[in-house]
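Okay, start.cif is below, mmCIF, C-alpha atoms:
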```cif
data_start
loop_
_atom_site.label_atom_id
_atom_site.label_comp_id
_atom_site.auth_asym_id
_atom_site.auth_seq_id
_atom_site.Cartn_x
_atom_site.Cartn_y
_atom_site.Cartn_z
CA MET I 146 20.47 -30.37 21.31
CA SER I 147 16.70 -30.76 21.78
CA VAL I 148 14.34 -27.88 21.18
CA ILE I 149 11.87 -27.08 23.94
CA GLU I 150 8.51 -25.96 22.57
CA PRO I 151 6.97 -22.96 24.33
CA ALA I 152 4.06 -23.80 26.61
CA THR I 153 0.59 -22.90 25.39
CA VAL I 154 -0.93 -20.21 27.59
CA GLN I 155 -4.50 -21.08 28.55
CA ALA I 156 -6.81 -18.07 28.80
CA PRO I 157 -8.39 -17.82 32.26
CA THR I 158 -11.96 -19.02 32.68
CA LEU I 159 -14.28 -16.10 33.34
CA LEU I 160 -17.80 -17.53 33.62
CA GLU I 161 -18.44 -21.13 34.59
CA ALA I 162 -21.37 -23.47 35.20
CA ARG I 163 -20.77 -26.52 37.38
CA GLY I 164 -23.39 -29.25 37.48
CA ILE I 165 -26.35 -26.97 36.79
CA SER I 166 -29.78 -28.64 36.97
CA LYS I 167 -33.16 -26.94 36.79
CA HIS I 168 -36.70 -28.26 37.08
CA PHE I 169 -40.04 -26.57 36.49
CA GLY I 170 -42.54 -28.74 38.33
CA GLY I 171 -42.22 -32.17 36.76
CA ILE I 172 -40.36 -30.86 33.72
CA VAL I 173 -36.58 -31.32 33.68
CA ALA I 174 -35.12 -28.29 31.87
CA LEU I 175 -31.42 -28.87 32.60
CA THR I 176 -29.49 -31.89 33.85
CA GLU I 177 -25.97 -31.54 35.26
CA ILE I 178 -24.67 -28.96 32.80
CA SER I 179 -21.02 -27.95 33.18
CA LEU I 180 -19.14 -25.55 30.92
CA GLY I 181 -16.82 -22.57 31.06
CA VAL I 182 -16.24 -19.42 29.01
CA SER I 183 -12.67 -18.20 28.74
CA GLN I 184 -11.32 -14.71 28.29
CA GLY I 185 -11.64 -13.56 24.68
CA GLU I 186 -13.56 -16.68 23.62
CA ALA I 187 -16.63 -16.67 21.37
CA MET I 188 -19.10 -19.46 22.07
CA ALA I 189 -22.68 -20.28 21.03
CA LEU I 190 -25.35 -22.27 22.84
CA VAL I 191 -27.41 -24.05 20.20
CA GLY I 192 -30.01 -26.77 20.06
CA PRO I 193 -33.64 -27.43 19.11
CA ASN I 194 -36.55 -25.64 20.73
CA GLY I 195 -36.96 -26.82 24.32
CA ALA I 196 -33.33 -27.90 24.60
CA GLY I 197 -32.73 -25.69 27.67
CA LYS I 198 -30.62 -22.94 26.07
CA THR I 199 -32.53 -19.98 27.47
CA THR I 200 -32.88 -21.65 30.87
CA LEU I 201 -29.11 -22.13 31.10
CA PHE I 202 -28.55 -18.58 29.85
CA ASN I 203 -30.85 -17.23 32.56
CA CYS I 204 -29.19 -19.32 35.26
CA LEU I 205 -25.81 -17.85 34.29
CA LEU I 206 -27.25 -14.33 34.31
CA GLY I 207 -29.10 -14.69 37.61
CA LEU I 208 -32.61 -14.46 36.22
CA LEU I 209 -33.18 -18.04 37.43
CA ARG I 210 -31.65 -19.87 40.37
CA PRO I 211 -30.43 -23.42 39.63
CA ASP I 212 -31.88 -26.25 41.70
CA THR I 213 -28.45 -27.85 41.93
CA GLY I 214 -24.95 -26.83 40.88
CA SER I 215 -23.19 -23.49 40.97
CA VAL I 216 -22.24 -20.49 38.82
CA LEU I 217 -18.78 -18.98 39.17
CA PHE I 218 -17.15 -15.82 37.89
CA ARG I 219 -13.36 -15.64 37.96
CA GLY I 220 -13.41 -18.68 40.26
CA GLU I 221 -15.80 -17.18 42.83
CA ARG I 222 -19.36 -18.41 43.32
CA ILE I 223 -22.02 -15.89 42.31
CA ASP I 224 -25.09 -18.13 42.67
CA ARG I 225 -26.90 -15.78 45.01
CA LEU I 226 -25.89 -12.50 43.40
CA PRO I 227 -28.73 -10.58 41.66
CA THR I 228 -28.46 -9.76 37.99
CA PHE I 229 -27.34 -6.14 38.52
CA ARG I 230 -24.49 -7.27 40.78
CA ARG I 231 -23.33 -9.73 38.12
CA GLY I 232 -23.44 -6.88 35.61
CA ARG I 233 -21.12 -4.82 37.79
CA LEU I 234 -18.68 -7.72 37.92
CA GLY I 235 -18.38 -7.61 34.14
CA ILE I 236 -21.24 -9.65 32.65
CA GLY I 237 -23.16 -7.71 29.99
CA ARG I 238 -26.24 -8.85 28.09
CA THR I 239 -28.76 -8.04 25.40
CA PHE I 240 -32.34 -9.29 25.09
CA GLN I 241 -34.19 -11.11 22.34
CA ARG I 242 -36.94 -8.52 22.63
CA LEU I 243 -35.64 -4.98 22.31
CA GLU I 244 -35.65 -3.06 25.60
CA LEU I 245 -35.08 0.55 24.52
CA PHE I 246 -36.49 3.88 25.71
CA THR I 247 -38.62 5.71 23.15
CA GLY I 248 -37.88 9.41 22.76
CA MET I 249 -34.20 8.85 23.50
CA THR I 250 -31.39 8.78 20.97
CA PRO I 251 -28.55 6.22 20.78
CA ARG I 252 -26.22 8.83 22.27
CA GLN I 253 -28.54 9.36 25.24
CA HIS I 254 -28.84 5.61 25.82
CA MET I 255 -25.04 5.33 25.95
CA LEU I 256 -24.68 8.37 28.18
CA VAL I 257 -27.16 7.11 30.78
CA THR I 258 -25.48 3.69 30.80
CA GLU I 259 -22.06 5.30 31.15
CA ARG I 260 -23.24 7.22 34.21
CA VAL I 261 -24.78 4.13 35.78
CA HIS I 262 -21.52 2.27 35.18
CA ARG I 263 -19.45 5.08 36.68
CA GLY I 264 -21.75 5.22 39.73
CA ASP I 265 -20.87 8.85 40.43
CA GLY I 266 -24.33 9.90 41.59
CA ARG I 267 -25.13 12.12 38.60
CA LEU I 268 -27.94 9.95 37.22
CA TRP I 269 -30.61 11.82 39.21
CA LYS I 270 -29.65 14.96 37.30
CA ASP I 271 -30.35 13.16 34.03
CA LEU I 272 -33.83 12.31 35.28
CA LEU I 273 -34.43 15.99 35.98
CA GLY I 274 -32.93 17.07 32.67
CA MET I 275 -30.11 18.87 34.46
CA GLY I 276 -27.12 16.73 33.61
CA ARG I 277 -24.44 18.02 31.26
CA PRO I 278 -22.06 15.46 29.80
CA ARG I 279 -18.46 15.79 30.90
CA PRO I 280 -15.74 15.72 28.24
CA GLU I 281 -14.65 12.25 29.34
CA GLU I 282 -18.25 11.02 29.17
CA ARG I 283 -18.69 12.41 25.67
CA ALA I 284 -15.44 10.71 24.60
CA LYS I 285 -16.47 7.33 26.01
CA VAL I 286 -19.92 7.55 24.39
CA ALA I 287 -18.40 8.54 21.03
CA GLU I 288 -16.04 5.55 21.24
CA VAL I 289 -18.92 3.12 21.77
CA LEU I 290 -21.06 4.70 19.03
CA ASP I 291 -18.18 4.32 16.60
CA LEU I 292 -17.50 0.75 17.71
CA VAL I 293 -21.08 -0.37 16.98
CA GLY I 294 -21.42 1.72 13.82
CA LEU I 295 -24.03 4.20 15.08
CA ALA I 296 -22.11 7.46 14.83
CA ASP I 297 -24.17 8.61 11.83
CA VAL I 298 -27.49 8.11 13.63
CA ALA I 299 -26.33 8.98 17.14
CA ASP I 300 -28.89 11.78 17.58
CA VAL I 301 -31.90 10.12 15.92
CA PRO I 302 -34.69 8.95 18.27
CA VAL I 303 -34.59 5.16 18.51
CA GLU I 304 -38.19 4.77 17.35
CA ALA I 305 -37.13 6.18 13.97
CA LEU I 306 -34.36 3.58 13.52
CA SER I 307 -34.52 0.16 11.88
CA LEU I 308 -34.68 -3.02 13.94
CA GLY I 309 -31.06 -3.70 13.06
CA HIS I 310 -29.96 -0.31 14.36
CA GLY I 311 -32.11 -0.86 17.45
CA ARG I 312 -30.23 -4.07 18.20
CA LEU I 313 -26.95 -2.19 17.79
CA VAL I 314 -28.18 0.42 20.28
CA GLU I 315 -28.84 -2.34 22.78
CA LEU I 316 -25.44 -3.87 22.03
CA GLY I 317 -23.75 -0.51 22.48
CA ARG I 318 -25.56 0.02 25.76
CA ALA I 319 -24.28 -3.34 27.00
CA LEU I 320 -20.75 -2.46 25.89
CA SER I 321 -20.88 0.89 27.69
CA GLY I 322 -20.57 -1.10 30.91
CA GLU I 323 -17.22 -2.46 29.64
CA PRO I 324 -18.12 -6.14 30.18
CA CYS I 325 -15.52 -8.86 29.92
CA VAL I 326 -18.29 -11.35 29.03
CA LEU I 327 -21.07 -10.31 26.63
CA MET I 328 -24.15 -12.55 26.51
CA LEU I 329 -26.59 -12.12 23.62
CA ASP I 330 -30.02 -13.74 23.36
CA GLU I 331 -31.03 -14.32 19.71
CA PRO I 332 -29.26 -11.14 18.49
CA SER I 333 -30.10 -11.75 14.82
CA SER I 334 -33.82 -12.31 15.42
CA GLY I 335 -35.87 -10.25 12.95
CA LEU I 336 -32.86 -8.90 11.06
CA ASP I 337 -32.51 -8.97 7.29
CA ASP I 338 -29.33 -10.19 5.57
CA ALA I 339 -27.65 -6.76 5.49
CA GLU I 340 -28.43 -6.09 9.15
CA THR I 341 -27.15 -9.54 10.12
CA ARG I 342 -23.87 -8.91 8.27
CA LEU I 343 -23.50 -5.61 10.12
CA LEU I 344 -24.12 -7.34 13.45
CA VAL I 345 -21.51 -9.99 12.65
CA ASP I 346 -18.95 -7.31 11.76
CA VAL I 347 -19.61 -5.45 15.02
CA LEU I 348 -19.34 -8.57 17.19
CA ASN I 349 -16.06 -9.58 15.56
CA ARG I 350 -14.75 -6.05 16.03
CA VAL I 351 -15.80 -6.03 19.70
CA ARG I 352 -13.94 -9.26 20.27
CA SER I 353 -10.79 -8.25 18.41
CA GLU I 354 -10.54 -4.69 19.74
CA ARG I 355 -11.68 -5.24 23.32
CA GLY I 356 -10.93 -8.91 23.94
CA THR I 357 -14.52 -9.38 25.10
CA ALA I 358 -15.74 -12.95 25.51
CA ILE I 359 -19.00 -13.52 23.61
CA VAL I 360 -21.74 -16.03 24.40
CA LEU I 361 -24.66 -16.37 21.95
CA VAL I 362 -27.99 -18.12 22.15
CA GLU I 363 -28.81 -18.24 18.46
CA HIS I 364 -30.69 -20.31 15.85
CA ASP I 365 -29.00 -18.86 12.74
CA LEU I 366 -26.10 -21.29 12.29
CA ALA I 367 -24.71 -19.39 9.30
CA MET I 368 -24.44 -16.27 11.46
CA VAL I 369 -23.04 -18.27 14.38
CA ALA I 370 -20.26 -19.77 12.23
CA LYS I 371 -19.04 -16.26 11.35
CA VAL I 372 -18.74 -15.18 14.99
CA VAL I 373 -17.83 -18.09 17.26
CA ASP I 374 -15.09 -20.69 17.49
CA ARG I 375 -17.00 -23.12 19.69
CA LEU I 376 -20.45 -24.68 19.83
CA VAL I 377 -22.13 -26.05 22.94
CA VAL I 378 -25.10 -28.16 21.88
CA LEU I 379 -28.00 -28.95 24.21
CA ASP I 380 -30.83 -31.41 23.66
CA LEU I 381 -33.62 -32.12 26.15
CA GLY I 382 -31.70 -30.34 28.87
CA ARG I 383 -28.49 -32.30 28.41
CA LEU I 384 -25.16 -31.27 26.94
CA ILE I 385 -24.57 -33.54 23.95
CA ALA I 386 -21.59 -31.87 22.25
CA ASP I 387 -18.99 -29.18 22.90
CA GLY I 388 -16.24 -28.26 20.46
CA PRO I 389 -15.16 -26.42 17.28
CA VAL I 390 -18.04 -25.42 15.00
CA GLU I 391 -17.52 -27.66 11.95
CA GLN I 392 -16.40 -30.65 13.99
CA THR I 393 -19.35 -30.37 16.37
CA LEU I 394 -21.95 -29.98 13.62
CA ALA I 395 -20.61 -33.15 11.99
CA GLU I 396 -21.19 -35.31 15.06
CA PRO I 397 -24.00 -37.87 14.60
CA ALA I 398 -25.75 -36.93 17.86
CA VAL I 399 -25.89 -33.28 16.81
CA ARG I 400 -27.08 -34.04 13.28
CA SER I 401 -29.83 -36.20 14.70
CA ALA I 402 -30.99 -33.97 17.56
CA TYR I 403 -30.46 -30.51 16.13
CA LEU I 404 -30.46 -30.83 12.37
CA GLY I 405 -32.88 -33.75 12.12
CA LEU I 406 -30.42 -35.76 10.03
CA SER I 407 -29.15 -39.28 10.44
#
```

As structure tokens, the full file:
Amino acid sequence: MSVIEPATVQAPTLLEARGISKHFGGIVALTEISLGVSQGEAMALVGPNGAGKTTLFNCLLGLLRPDTGSVLFRGERIDRLPTFRRGRLGIGRTFQRLELFTGMTPRQHMLVTERVHRGDGRLWKDLLGMGRPRPEERAKVAEVLDLVGLADVADVPVEALSLGHGRLVELGRALSGEPCVLMLDEPSSGLDDAETRLLVDVLNRVRSERGTAIVLVEHDLAMVAKVVDRLVVLDLGRLIADGPVEQTLAEPAVRSAYLGLS
């Protein structure tokens, strides 16, 4: 009697680019880029300076509109949706340059984001200093602070924290919106070795505990290899490789274009 092997279940595609091209005047930044990010996947966009990584990132996020092609989320086109609407669908992000509010603590950053995410109309009270956290809000904020390792400095003003902790505040703020896709732009930029290890641990924990898909734009390949399963390599606006990390880095086109090796 023959044995029937169980079928492999393919995780659904969450965020997808189809034939994305982008020009800036006479400069071709992207040419017919197509890729998808599946539920629970960790992927990195890598390539030399000027490869088009940030341009593609911004097209997916809605900060730029592609000249041709389309962006889809859960199979539906979102090309014309503004960034905040994409965020509400479940696309979270962090910035290469920290975007934090001085005078506020990590806990306060998470609380404000939680209220924006809930959309219950209480944010105006925060602006007037009148809002009191509900028990469920405090619990959600405490969960995120623990997840990103900031519980011990939750009530310290962000300007008194290290750059590494600042990046974790921004990461926690993005996670407070409960995204299913988390997009990070150069998250290890400016971090020392210890801070980078902490960031790696947090990202792996986010993925394992929440099933969040992660997309990185990152130059630190050692850090990338500890977080992602898949590399998408761009060069001069074209996709030249897409696959498992070690296999992709070994491809001649990648070694030549990205690593400068023959």

Apply the PyMOL selection byres ((chain I and resi 384) around 12) to the file shown and report the selected residues as a PDB file with C-alpha atoms, in the coordinates of the input.
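Contents of the output file expr_8.pdb:
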```
ATOM      1  CA  ALA I 162     -21.370 -23.470  35.200  1.00  0.00           C
ATOM      2  CA  GLY I 164     -23.390 -29.250  37.480  1.00  0.00           C
ATOM      3  CA  ILE I 165     -26.350 -26.970  36.790  1.00  0.00           C
ATOM      4  CA  SER I 166     -29.780 -28.640  36.970  1.00  0.00           C
ATOM      5  CA  ALA I 174     -35.120 -28.290  31.870  1.00  0.00           C
ATOM      6  CA  LEU I 175     -31.420 -28.870  32.600  1.00  0.00           C
ATOM      7  CA  THR I 176     -29.490 -31.890  33.850  1.00  0.00           C
ATOM      8  CA  GLU I 177     -25.970 -31.540  35.260  1.00  0.00           C
ATOM      9  CA  ILE I 178     -24.670 -28.960  32.800  1.00  0.00           C
ATOM     10  CA  SER I 179     -21.020 -27.950  33.180  1.00  0.00           C
ATOM     11  CA  LEU I 180     -19.140 -25.550  30.920  1.00  0.00           C
ATOM     12  CA  LEU I 190     -25.350 -22.270  22.840  1.00  0.00           C
ATOM     13  CA  VAL I 191     -27.410 -24.050  20.200  1.00  0.00           C
ATOM     14  CA  GLY I 192     -30.010 -26.770  20.060  1.00  0.00           C
ATOM     15  CA  ALA I 196     -33.330 -27.900  24.600  1.00  0.00           C
ATOM     16  CA  GLY I 197     -32.730 -25.690  27.670  1.00  0.00           C
ATOM     17  CA  LYS I 198     -30.620 -22.940  26.070  1.00  0.00           C
ATOM     18  CA  LEU I 201     -29.110 -22.130  31.100  1.00  0.00           C
ATOM     19  CA  LEU I 376     -20.450 -24.680  19.830  1.00  0.00           C
ATOM     20  CA  VAL I 377     -22.130 -26.050  22.940  1.00  0.00           C
ATOM     21  CA  VAL I 378     -25.100 -28.160  21.880  1.00  0.00           C
ATOM     22  CA  LEU I 379     -28.000 -28.950  24.210  1.00  0.00           C
ATOM     23  CA  ASP I 380     -30.830 -31.410  23.660  1.00  0.00           C
ATOM     24  CA  LEU I 381     -33.620 -32.120  26.150  1.00  0.00           C
ATOM     25  CA  GLY I 382     -31.700 -30.340  28.870  1.00  0.00           C
ATOM     26  CA  ARG I 383     -28.490 -32.300  28.410  1.00  0.00           C
ATOM     27  CA  ILE I 385     -24.570 -33.540  23.950  1.00  0.00           C
ATOM     28  CA  ALA I 386     -21.590 -31.870  22.250  1.00  0.00           C
ATOM     29  CA  ASP I 387     -18.990 -29.180  22.900  1.00  0.00           C
ATOM     30  CA  GLY I 388     -16.240 -28.260  20.460  1.00  0.00           C
ATOM     31  CA  ALA I 398     -25.750 -36.930  17.860  1.00  0.00           C
ATOM     32  CA  VAL I 399     -25.890 -33.280  16.810  1.00  0.00           C
ATOM     33  CA  ALA I 402     -30.990 -33.970  17.560  1.00  0.00           C
TER      34      ALA I 402
END
```

Exercise. For Glu391 in chain I, please output as a list in words all residues within 10 Å (counting only C-alpha atoms; exclusion window: fewer than 3 positions along the same chain).
Key: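 So, after excluding close chain neighbours, the residues are Ala370, Asp374, Arg375, Leu376, Gly388, Leu394, Ala395 and Glu396 of chain I.
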
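Between CA of Gln184 in chain I and CA of Glu282 in chain I lies a distance of 26.7 Å.
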
Quiz item: Expressed in Å to a single decimal, how great is the separation between CA of Phe240 in chain I and CA of Gly322 in chain I?
Solution: 15.5 Å

Quiz item: With only C-alpha atoms as the atoms that count, which of I:Leu336, I:Leu243, I:Val293, I:Glu315 lies nearest to Val351 in chain I?
Solution: I:Val293

Practice problem: Work out how far CA of Pro193 in chain I is from CA of Ile172 in chain I, in Å to one decimal. | Solution: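 We find that CA of Ile172 in chain I and CA of Pro193 in chain I lie 16.4 Å from each other.
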
Enclose all atoms of range 231-234 of chain I listed in the file in an axis-aligned box, grow every side by 6 Å, and hand back centre and edge lengths in Å to one decimal, as lines of an AutoDock Vina configuration file.
```
center_x = -21.1
center_y = -7.3
center_z = 36.9
size_x = 16.8
size_y = 16.9
size_z = 14.5
```

Practice problem: Give me the result of the PyMOL selection byres ((chain I and resi 362) around 6) on this file, residue by residue, as JSON, numbers by chain. | Solution: {"I": [189, 190, 330, 331, 361, 363]}

Quiz item: For Ser321 in chain I, which residue out of I:Pro389, I:Glu340, I:Val298, I:Gly235 is the nearest one, using all atoms listed in the file?
Solution: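 Of all the options, I:Gly235 lies closest to Ser321 in chain I.
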
Practice problem: Give me the residues within 12 Å of Asp297 in chain I as a count of residues only, counting all atoms listed in the file and dropping any in the same chain fewer than 4 places off. | Solution: 11

Practice problem: Quick one: apply the PyMOL selection byres ((chain I and resi 207-212) around 7) to the file and drop the selected residues here as a PyMOL selection string. | Solution: chain I and resi 165-168+203-206+213-214+226-228

Exercise. Counting all atoms listed in the file, figure out which residue out of I:Ala187, I:Leu316, I:Val390, I:Val286 gets nearest to Arg260 in chain I.
Key: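 Looking only at the distances to Arg260 in chain I, the closest residue turns out to be I:Val286.
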
Practice problem: Can you pull out every residue within 8 Å of Leu344 in chain I, counting only C-alpha atoms, but drop anything in the same chain fewer than 6 positions away, and send it as a PyMOL selection string? | Solution: chain I and resi 309+313+333
